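Pasting data06.cif here (mmCIF, C-alpha atoms):
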data_protein
#
loop_
_atom_site.label_atom_id
_atom_site.label_comp_id
_atom_site.auth_asym_id
_atom_site.auth_seq_id
_atom_site.Cartn_x
_atom_site.Cartn_y
_atom_site.Cartn_z
CA MET A 27 10.10 54.22 -32.11
CA ALA A 28 13.27 55.58 -30.52
CA LYS A 29 16.50 55.46 -32.47
CA LYS A 30 18.97 52.82 -31.35
CA ILE A 31 22.63 52.03 -31.73
CA ILE A 32 23.40 49.07 -33.98
CA CYS A 33 25.90 47.00 -32.04
CA SER A 34 28.12 44.09 -33.07
CA ILE A 35 30.79 42.09 -31.26
CA LYS A 36 33.02 39.88 -33.36
CA THR A 37 36.11 37.74 -32.79
CA PRO A 38 38.21 36.00 -35.44
CA GLU A 39 36.32 32.77 -34.65
CA LYS A 40 32.71 33.92 -34.33
CA ASN A 41 30.05 36.57 -34.48
CA VAL A 42 29.29 37.05 -30.77
CA TYR A 43 26.48 39.60 -30.89
CA ASP A 44 24.47 41.58 -33.44
CA GLY A 45 21.61 43.73 -32.26
CA GLU A 46 20.30 47.06 -31.11
CA ALA A 47 21.16 49.01 -27.98
CA ASP A 48 19.91 52.08 -26.16
CA HIS A 49 23.41 52.51 -24.79
CA THR A 50 26.57 50.48 -24.27
CA VAL A 51 29.57 50.52 -21.96
CA ILE A 52 32.93 49.06 -22.98
CA GLU A 53 36.26 48.54 -21.24
CA ALA A 54 38.79 50.50 -23.29
CA HIS A 55 42.55 50.23 -22.73
CA ASP A 56 42.37 53.39 -20.60
CA GLY A 57 39.07 52.88 -18.76
CA LYS A 58 35.35 52.56 -19.30
CA ARG A 59 33.61 54.32 -22.19
CA GLY A 60 29.89 54.79 -22.68
CA PHE A 61 28.03 55.27 -25.95
CA LEU A 62 24.60 56.75 -26.62
CA ILE A 63 22.76 57.45 -29.86
CA ASN A 64 24.44 60.18 -31.98
CA HIS A 65 27.80 59.73 -30.23
CA THR A 66 30.67 61.50 -31.95
CA PRO A 67 32.83 59.24 -34.16
CA PHE A 68 35.29 57.40 -31.94
CA ILE A 69 37.88 54.63 -32.20
CA THR A 70 40.12 53.12 -29.53
CA THR A 71 41.73 49.89 -28.42
CA LEU A 72 39.96 47.55 -26.04
CA GLY A 73 41.21 46.47 -22.67
CA ASN A 74 40.35 43.27 -20.84
CA GLY A 75 36.87 43.61 -19.40
CA GLU A 76 33.15 43.84 -19.81
CA VAL A 77 31.01 45.06 -22.67
CA ARG A 78 27.49 45.86 -21.42
CA ILE A 79 24.68 46.29 -23.92
CA HIS A 80 21.55 47.99 -22.58
CA ASN A 81 18.42 47.59 -24.69
CA ASP A 82 15.01 48.51 -23.29
CA ASP A 83 14.94 46.75 -19.89
CA ASN A 84 17.49 44.08 -20.85
CA VAL A 85 21.24 44.09 -20.21
CA ARG A 86 23.60 41.67 -21.95
CA SER A 87 27.19 41.33 -20.75
CA PHE A 88 30.21 39.91 -22.52
CA TYR A 89 33.84 39.70 -21.47
CA VAL A 90 36.34 40.77 -24.14
CA GLU A 91 40.12 40.73 -24.39
CA GLY A 92 42.00 43.10 -26.64
CA GLY A 93 41.01 44.42 -30.02
CA ILE A 94 39.43 47.65 -31.20
CA VAL A 95 36.11 49.45 -30.92
CA GLU A 96 34.66 51.95 -33.37
CA MET A 97 31.58 54.15 -33.05
CA LEU A 98 30.49 55.67 -36.35
CA ASP A 99 27.04 56.71 -37.63
CA ASN A 100 25.24 55.06 -34.67
CA ARG A 101 27.03 51.76 -35.29
CA LEU A 102 29.21 50.34 -32.54
CA SER A 103 31.65 47.71 -33.81
CA VAL A 104 33.67 45.70 -31.30
CA LEU A 105 36.41 43.56 -32.87
CA ALA A 106 37.89 41.54 -30.02
CA GLU A 107 40.69 39.01 -29.84
CA ASN A 108 38.57 36.88 -27.47
CA SER A 109 35.05 37.07 -26.04
CA TYR A 110 33.26 35.01 -23.41
CA SER A 111 29.90 34.96 -21.67
CA LYS A 112 29.79 34.37 -17.89
CA GLU A 113 28.61 30.82 -18.54
CA GLN A 114 31.74 30.07 -20.57
CA LEU A 115 34.10 31.03 -17.74
CA ASN A 116 34.82 28.71 -14.80
CA ARG A 117 35.97 30.23 -11.49
CA ASP A 118 37.83 27.08 -10.33
CA GLU A 119 39.66 26.81 -13.65
CA ILE A 120 40.66 30.48 -13.51
CA ASN A 121 41.86 30.15 -9.90
CA GLY A 122 43.90 27.08 -10.83
CA LYS A 123 45.54 28.90 -13.72
CA LEU A 124 46.27 31.92 -11.52
CA ILE A 125 47.97 29.76 -8.87
CA SER A 126 49.98 27.89 -11.49
CA LEU A 127 51.06 31.09 -13.22
CA VAL A 128 52.13 32.75 -9.96
CA GLU A 129 54.20 29.67 -9.07
CA THR A 130 55.91 29.48 -12.45
CA SER A 131 56.65 33.22 -12.45
CA LYS A 132 58.65 33.13 -9.22
CA GLY A 133 62.27 34.08 -9.81
CA LYS A 134 61.66 35.28 -13.38
CA ASP A 135 62.67 38.75 -14.45
CA PRO A 136 59.37 40.68 -14.88
CA LEU A 137 61.03 42.83 -17.56
CA SER A 138 62.01 39.87 -19.75
CA ASP A 139 59.82 38.68 -22.63
CA GLU A 140 58.70 35.70 -20.54
CA GLY A 141 58.00 37.93 -17.54
CA ASN A 142 55.97 40.29 -19.72
CA ARG A 143 53.95 37.37 -21.13
CA VAL A 144 53.24 36.12 -17.60
CA GLN A 145 52.13 39.59 -16.43
CA SER A 146 49.79 39.92 -19.42
CA GLU A 147 48.25 36.51 -18.76
CA LEU A 148 47.85 37.33 -15.04
CA ALA A 149 46.01 40.54 -15.98
CA ARG A 150 43.68 38.62 -18.33
CA LEU A 151 42.90 35.97 -15.70
CA LYS A 152 42.24 38.59 -13.01
CA ALA A 153 39.91 40.50 -15.35
CA ARG A 154 38.03 37.27 -16.17
CA LYS A 155 37.67 36.52 -12.45
CA MET A 156 36.36 40.02 -11.79
CA PHE A 157 33.84 39.70 -14.64
CA ILE A 158 32.31 36.47 -13.32
CA SER A 159 32.23 37.85 -9.77
CA LYS A 160 29.70 40.57 -10.70
#
I need this file expressed as structure tokens, please.
Amino acid sequence: MAKKIICSIKTPEKNVYDGEADHTVIEAHDGKRGFLINHTPFITTLGNGEVRIHNDDNVRSFYVEGGIVEMLDNRLSVLAENSYSKEQLNRDEINGKLISLVETSKGKDPLSDEGNRVQSELARLKARKMFISK
């Protein structure tokens, strides 16, 4: 039997995934990162995007927002602020929130605390929309 990565995805509210993987791809804060068996120890912060877990002929996808990822001794640990499956995300709801957020952000200073909060939420909503569009 081939060696596998032990993979887990957790949020403060729930254990999202525990299982094996041949390889995984995560969305780090600075781009995509892939992990295979015997990967060098690695830790980084997560971005907003997809975590893909490849195991045999199956691929599982999860959307995560923020957090950290660690690869150590063939164990990949994803500790995310939020995580969703495609079924948990609704395109119409996301579009409605995007429209509302764009409207409320008009005339606000993008460098203010409120402007920064709005830009962060826009980025999260756009990443969610991209995830469910795949």
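A distance cut-off of 6 Å around (39.8, 41.7, -28.1), counting all atoms listed in the file, selects these protein and nucleic acid residues: Val90, Glu91, Gly92, Gly93, Ala106, Glu107 and Asn108 of chain A.
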Exercise for review: Let me know the residues the PyMOL selection byres ((chain A and resi 64) around 10) catches in the file above, as an MDAnalysis selection string.
Suggested key: chainID A and resid 29:31 61:63 65:67 97:101
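Once the PyMOL selection byres ((chain A and resi 109) around 10) is applied to this file, the selection holds Ile35, Lys36, Thr37, Pro38, Glu39, Lys40, Asn41, Val42, Asn74, Gly75, Glu76, Val77, Phe88, Tyr89, Val90, Glu91, Gly92, Leu105, Ala106, Glu107, Asn108, Tyr110, Ser111 and Gln114 of chain A.
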Keeping only C-alpha atoms, take the residues you just selected and write them out as a short mmCIF file (atom, residue, chain, number, x, y, z; two decimals), keeping the file's coordinate frame.
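The new file selection-v4.cif reads:
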data_model
loop_
_atom_site.label_atom_id
_atom_site.label_comp_id
_atom_site.auth_asym_id
_atom_site.auth_seq_id
_atom_site.Cartn_x
_atom_site.Cartn_y
_atom_site.Cartn_z
CA ILE A 35 30.79 42.09 -31.26
CA LYS A 36 33.02 39.88 -33.36
CA THR A 37 36.11 37.74 -32.79
CA PRO A 38 38.21 36.00 -35.44
CA GLU A 39 36.32 32.77 -34.65
CA LYS A 40 32.71 33.92 -34.33
CA ASN A 41 30.05 36.57 -34.48
CA VAL A 42 29.29 37.05 -30.77
CA ASN A 74 40.35 43.27 -20.84
CA GLY A 75 36.87 43.61 -19.40
CA GLU A 76 33.15 43.84 -19.81
CA VAL A 77 31.01 45.06 -22.67
CA PHE A 88 30.21 39.91 -22.52
CA TYR A 89 33.84 39.70 -21.47
CA VAL A 90 36.34 40.77 -24.14
CA GLU A 91 40.12 40.73 -24.39
CA GLY A 92 42.00 43.10 -26.64
CA LEU A 105 36.41 43.56 -32.87
CA ALA A 106 37.89 41.54 -30.02
CA GLU A 107 40.69 39.01 -29.84
CA ASN A 108 38.57 36.88 -27.47
CA TYR A 110 33.26 35.01 -23.41
CA SER A 111 29.90 34.96 -21.67
CA GLN A 114 31.74 30.07 -20.57
#
Would you list the residues near (44.5, 50.4, -28.9) (no more than 12 Å away, in the coordinates of the file, using all atoms listed in the file) as a PDB file with C-alpha atoms, keeping the file's coordinate frame?
ATOM      1  CA  GLU A  53      36.260  48.540 -21.240  1.00  0.00           C
ATOM      2  CA  ALA A  54      38.790  50.500 -23.290  1.00  0.00           C
ATOM      3  CA  HIS A  55      42.550  50.230 -22.730  1.00  0.00           C
ATOM      4  CA  ASP A  56      42.370  53.390 -20.600  1.00  0.00           C
ATOM      5  CA  GLY A  57      39.070  52.880 -18.760  1.00  0.00           C
ATOM      6  CA  PHE A  68      35.290  57.400 -31.940  1.00  0.00           C
ATOM      7  CA  ILE A  69      37.880  54.630 -32.200  1.00  0.00           C
ATOM      8  CA  THR A  70      40.120  53.120 -29.530  1.00  0.00           C
ATOM      9  CA  THR A  71      41.730  49.890 -28.420  1.00  0.00           C
ATOM     10  CA  LEU A  72      39.960  47.550 -26.040  1.00  0.00           C
ATOM     11  CA  GLY A  73      41.210  46.470 -22.670  1.00  0.00           C
ATOM     12  CA  ASN A  74      40.350  43.270 -20.840  1.00  0.00           C
ATOM     13  CA  GLU A  91      40.120  40.730 -24.390  1.00  0.00           C
ATOM     14  CA  GLY A  92      42.000  43.100 -26.640  1.00  0.00           C
ATOM     15  CA  GLY A  93      41.010  44.420 -30.020  1.00  0.00           C
ATOM     16  CA  ILE A  94      39.430  47.650 -31.200  1.00  0.00           C
ATOM     17  CA  VAL A  95      36.110  49.450 -30.920  1.00  0.00           C
ATOM     18  CA  GLU A  96      34.660  51.950 -33.370  1.00  0.00           C
ATOM     19  CA  LEU A 105      36.410  43.560 -32.870  1.00  0.00           C
ATOM     20  CA  ALA A 106      37.890  41.540 -30.020  1.00  0.00           C
TER      21      ALA A 106
END
**Study point:** From A:Val144, A:Leu137, A:Cys33, A:Leu151, residue lying nearest A:Val51 [only C-alpha atoms]
**Key:**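 Among the listed residues, the smallest separation from A:Val51 belongs to A:Cys33.
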Practice item. Mind checking which residues fall within 6 Å of A:Ile79, counting all atoms listed in the file, ignoring those fewer than 5 positions away in the same chain, and posting them as a PyMOL selection string? Key: chain A and resi 50+85-86
Exercise for review: Counting all atoms listed in the file, figure out which residue out of A:Pro136, A:Ser103, A:Glu129, A:Leu124 gets nearest to A:Ala149.
Suggested key: A:Leu124
Exercise for review: Go ahead and compute the interatomic distance for atom CA of A:Ile120 and atom CA of A:Leu102, in Å to one decimal.
Suggested key: 29.8 Å
Practice item. Work out how far apart atom CA of A:Gly60 and atom CA of A:Arg154 are and give it in Å to one decimal. Key: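 Between atom CA of A:Gly60 and atom CA of A:Arg154 the gap is 20.4 Å.
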Can I get a file of stretch 68-104 of chain A from the given structure, N, CA and C atoms kept, as a PDB file, in the first residue's frame?
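Result went into out.pdb, see below:
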ATOM      1  N   PHE A  68       6.487  22.660   6.599  1.00  0.00           N
ATOM      2  CA  PHE A  68       6.033  23.918   6.006  1.00  0.00           C
ATOM      3  C   PHE A  68       4.877  24.456   6.839  1.00  0.00           C
ATOM      4  N   ILE A  69       4.849  25.773   7.013  1.00  0.00           N
ATOM      5  CA  ILE A  69       3.722  26.433   7.674  1.00  0.00           C
ATOM      6  C   ILE A  69       3.504  27.779   7.012  1.00  0.00           C
ATOM      7  N   THR A  70       2.234  28.141   6.811  1.00  0.00           N
ATOM      8  CA  THR A  70       1.906  29.435   6.222  1.00  0.00           C
ATOM      9  C   THR A  70       0.472  29.798   6.591  1.00  0.00           C
ATOM     10  N   THR A  71       0.105  31.014   6.258  1.00  0.00           N
ATOM     11  CA  THR A  71      -1.273  31.449   6.477  1.00  0.00           C
ATOM     12  C   THR A  71      -2.099  31.147   5.234  1.00  0.00           C
ATOM     13  N   LEU A  72      -3.370  30.871   5.471  1.00  0.00           N
ATOM     14  CA  LEU A  72      -4.300  30.572   4.384  1.00  0.00           C
ATOM     15  C   LEU A  72      -4.850  31.860   3.784  1.00  0.00           C
ATOM     16  N   GLY A  73      -5.218  31.767   2.538  1.00  0.00           N
ATOM     17  CA  GLY A  73      -5.980  32.825   1.894  1.00  0.00           C
ATOM     18  C   GLY A  73      -7.442  32.406   1.861  1.00  0.00           C
ATOM     19  N   ASN A  74      -8.215  33.071   1.021  1.00  0.00           N
ATOM     20  CA  ASN A  74      -9.607  32.692   0.788  1.00  0.00           C
ATOM     21  C   ASN A  74      -9.644  31.873  -0.488  1.00  0.00           C
ATOM     22  N   GLY A  75      -9.990  30.604  -0.390  1.00  0.00           N
ATOM     23  CA  GLY A  75     -10.025  29.791  -1.595  1.00  0.00           C
ATOM     24  C   GLY A  75     -10.199  28.319  -1.307  1.00  0.00           C
ATOM     25  N   GLU A  76      -9.868  27.536  -2.306  1.00  0.00           N
ATOM     26  CA  GLU A  76     -10.151  26.105  -2.308  1.00  0.00           C
ATOM     27  C   GLU A  76      -9.032  25.283  -1.678  1.00  0.00           C
ATOM     28  N   VAL A  77      -9.446  24.242  -0.978  1.00  0.00           N
ATOM     29  CA  VAL A  77      -8.556  23.162  -0.564  1.00  0.00           C
ATOM     30  C   VAL A  77      -9.047  21.929  -1.321  1.00  0.00           C
ATOM     31  N   ARG A  78      -8.165  21.349  -2.140  1.00  0.00           N
ATOM     32  CA  ARG A  78      -8.499  20.142  -2.906  1.00  0.00           C
ATOM     33  C   ARG A  78      -7.718  18.970  -2.346  1.00  0.00           C
ATOM     34  N   ILE A  79      -8.435  17.903  -2.039  1.00  0.00           N
ATOM     35  CA  ILE A  79      -7.830  16.699  -1.481  1.00  0.00           C
ATOM     36  C   ILE A  79      -8.006  15.578  -2.511  1.00  0.00           C
ATOM     37  N   HIS A  80      -6.879  15.106  -3.034  1.00  0.00           N
ATOM     38  CA  HIS A  80      -6.884  14.032  -4.031  1.00  0.00           C
ATOM     39  C   HIS A  80      -6.527  12.737  -3.330  1.00  0.00           C
ATOM     40  N   ASN A  81      -7.397  11.733  -3.444  1.00  0.00           N
ATOM     41  CA  ASN A  81      -7.144  10.436  -2.842  1.00  0.00           C
ATOM     42  C   ASN A  81      -7.632   9.356  -3.799  1.00  0.00           C
ATOM     43  N   ASP A  82      -6.696   8.555  -4.294  1.00  0.00           N
ATOM     44  CA  ASP A  82      -6.989   7.563  -5.320  1.00  0.00           C
ATOM     45  C   ASP A  82      -7.637   8.296  -6.506  1.00  0.00           C
ATOM     46  N   ASP A  83      -8.832   7.923  -6.896  1.00  0.00           N
ATOM     47  CA  ASP A  83      -9.496   8.594  -8.029  1.00  0.00           C
ATOM     48  C   ASP A  83     -10.518   9.628  -7.570  1.00  0.00           C
ATOM     49  N   ASN A  84     -10.563   9.911  -6.281  1.00  0.00           N
ATOM     50  CA  ASN A  84     -11.544  10.854  -5.743  1.00  0.00           C
ATOM     51  C   ASN A  84     -10.899  12.201  -5.439  1.00  0.00           C
ATOM     52  N   VAL A  85     -11.674  13.266  -5.650  1.00  0.00           N
ATOM     53  CA  VAL A  85     -11.235  14.620  -5.302  1.00  0.00           C
ATOM     54  C   VAL A  85     -12.330  15.252  -4.457  1.00  0.00           C
ATOM     55  N   ARG A  86     -11.953  15.729  -3.284  1.00  0.00           N
ATOM     56  CA  ARG A  86     -12.878  16.466  -2.416  1.00  0.00           C
ATOM     57  C   ARG A  86     -12.428  17.914  -2.388  1.00  0.00           C
ATOM     58  N   SER A  87     -13.379  18.829  -2.459  1.00  0.00           N
ATOM     59  CA  SER A  87     -13.067  20.258  -2.439  1.00  0.00           C
ATOM     60  C   SER A  87     -13.803  20.944  -1.307  1.00  0.00           C
ATOM     61  N   PHE A  88     -13.089  21.849  -0.652  1.00  0.00           N
ATOM     62  CA  PHE A  88     -13.655  22.672   0.404  1.00  0.00           C
ATOM     63  C   PHE A  88     -13.206  24.106   0.177  1.00  0.00           C
ATOM     64  N   TYR A  89     -14.043  25.049   0.536  1.00  0.00           N
ATOM     65  CA  TYR A  89     -13.679  26.460   0.494  1.00  0.00           C
ATOM     66  C   TYR A  89     -13.299  26.868   1.911  1.00  0.00           C
ATOM     67  N   VAL A  90     -12.147  27.539   2.066  1.00  0.00           N
ATOM     68  CA  VAL A  90     -11.719  27.996   3.384  1.00  0.00           C
ATOM     69  C   VAL A  90     -11.417  29.487   3.350  1.00  0.00           C
ATOM     70  N   GLU A  91     -11.562  30.104   4.512  1.00  0.00           N
ATOM     71  CA  GLU A  91     -11.252  31.528   4.672  1.00  0.00           C
ATOM     72  C   GLU A  91     -10.334  31.699   5.865  1.00  0.00           C
ATOM     73  N   GLY A  92      -9.142  32.205   5.602  1.00  0.00           N
ATOM     74  CA  GLY A  92      -8.211  32.541   6.664  1.00  0.00           C
ATOM     75  C   GLY A  92      -7.817  31.371   7.537  1.00  0.00           C
ATOM     76  N   GLY A  93      -6.745  31.553   8.261  1.00  0.00           N
ATOM     77  CA  GLY A  93      -6.262  30.528   9.165  1.00  0.00           C
ATOM     78  C   GLY A  93      -4.819  30.176   8.847  1.00  0.00           C
ATOM     79  N   ILE A  94      -4.425  28.970   9.242  1.00  0.00           N
ATOM     80  CA  ILE A  94      -3.060  28.526   8.988  1.00  0.00           C
ATOM     81  C   ILE A  94      -3.071  27.095   8.458  1.00  0.00           C
ATOM     82  N   VAL A  95      -1.977  26.734   7.813  1.00  0.00           N
ATOM     83  CA  VAL A  95      -1.784  25.364   7.349  1.00  0.00           C
ATOM     84  C   VAL A  95      -0.375  24.931   7.742  1.00  0.00           C
ATOM     85  N   GLU A  96      -0.273  23.679   8.189  1.00  0.00           N
ATOM     86  CA  GLU A  96       1.025  23.135   8.559  1.00  0.00           C
ATOM     87  C   GLU A  96       1.181  21.752   7.934  1.00  0.00           C
ATOM     88  N   MET A  97       2.347  21.520   7.349  1.00  0.00           N
ATOM     89  CA  MET A  97       2.705  20.196   6.843  1.00  0.00           C
ATOM     90  C   MET A  97       3.905  19.723   7.650  1.00  0.00           C
ATOM     91  N   LEU A  98       3.744  18.617   8.355  1.00  0.00           N
ATOM     92  CA  LEU A  98       4.819  18.101   9.201  1.00  0.00           C
ATOM     93  C   LEU A  98       4.659  16.585   9.326  1.00  0.00           C
ATOM     94  N   ASP A  99       5.717  15.850   9.020  1.00  0.00           N
ATOM     95  CA  ASP A  99       5.710  14.389   9.157  1.00  0.00           C
ATOM     96  C   ASP A  99       4.527  13.737   8.430  1.00  0.00           C
ATOM     97  N   ASN A 100       4.289  14.174   7.194  1.00  0.00           N
ATOM     98  CA  ASN A 100       3.211  13.628   6.346  1.00  0.00           C
ATOM     99  C   ASN A 100       1.819  13.845   6.926  1.00  0.00           C
ATOM    100  N   ARG A 101       1.689  14.887   7.741  1.00  0.00           N
ATOM    101  CA  ARG A 101       0.388  15.303   8.271  1.00  0.00           C
ATOM    102  C   ARG A 101       0.135  16.736   7.825  1.00  0.00           C
ATOM    103  N   LEU A 102      -0.969  16.929   7.130  1.00  0.00           N
ATOM    104  CA  LEU A 102      -1.370  18.264   6.697  1.00  0.00           C
ATOM    105  C   LEU A 102      -2.524  18.715   7.583  1.00  0.00           C
ATOM    106  N   SER A 103      -2.299  19.783   8.332  1.00  0.00           N
ATOM    107  CA  SER A 103      -3.320  20.326   9.234  1.00  0.00           C
ATOM    108  C   SER A 103      -3.744  21.690   8.729  1.00  0.00           C
ATOM    109  N   VAL A 104      -5.026  21.828   8.428  1.00  0.00           N
ATOM    110  CA  VAL A 104      -5.602  23.096   7.993  1.00  0.00           C
ATOM    111  C   VAL A 104      -6.516  23.585   9.111  1.00  0.00           C
TER     112      VAL A 104
END
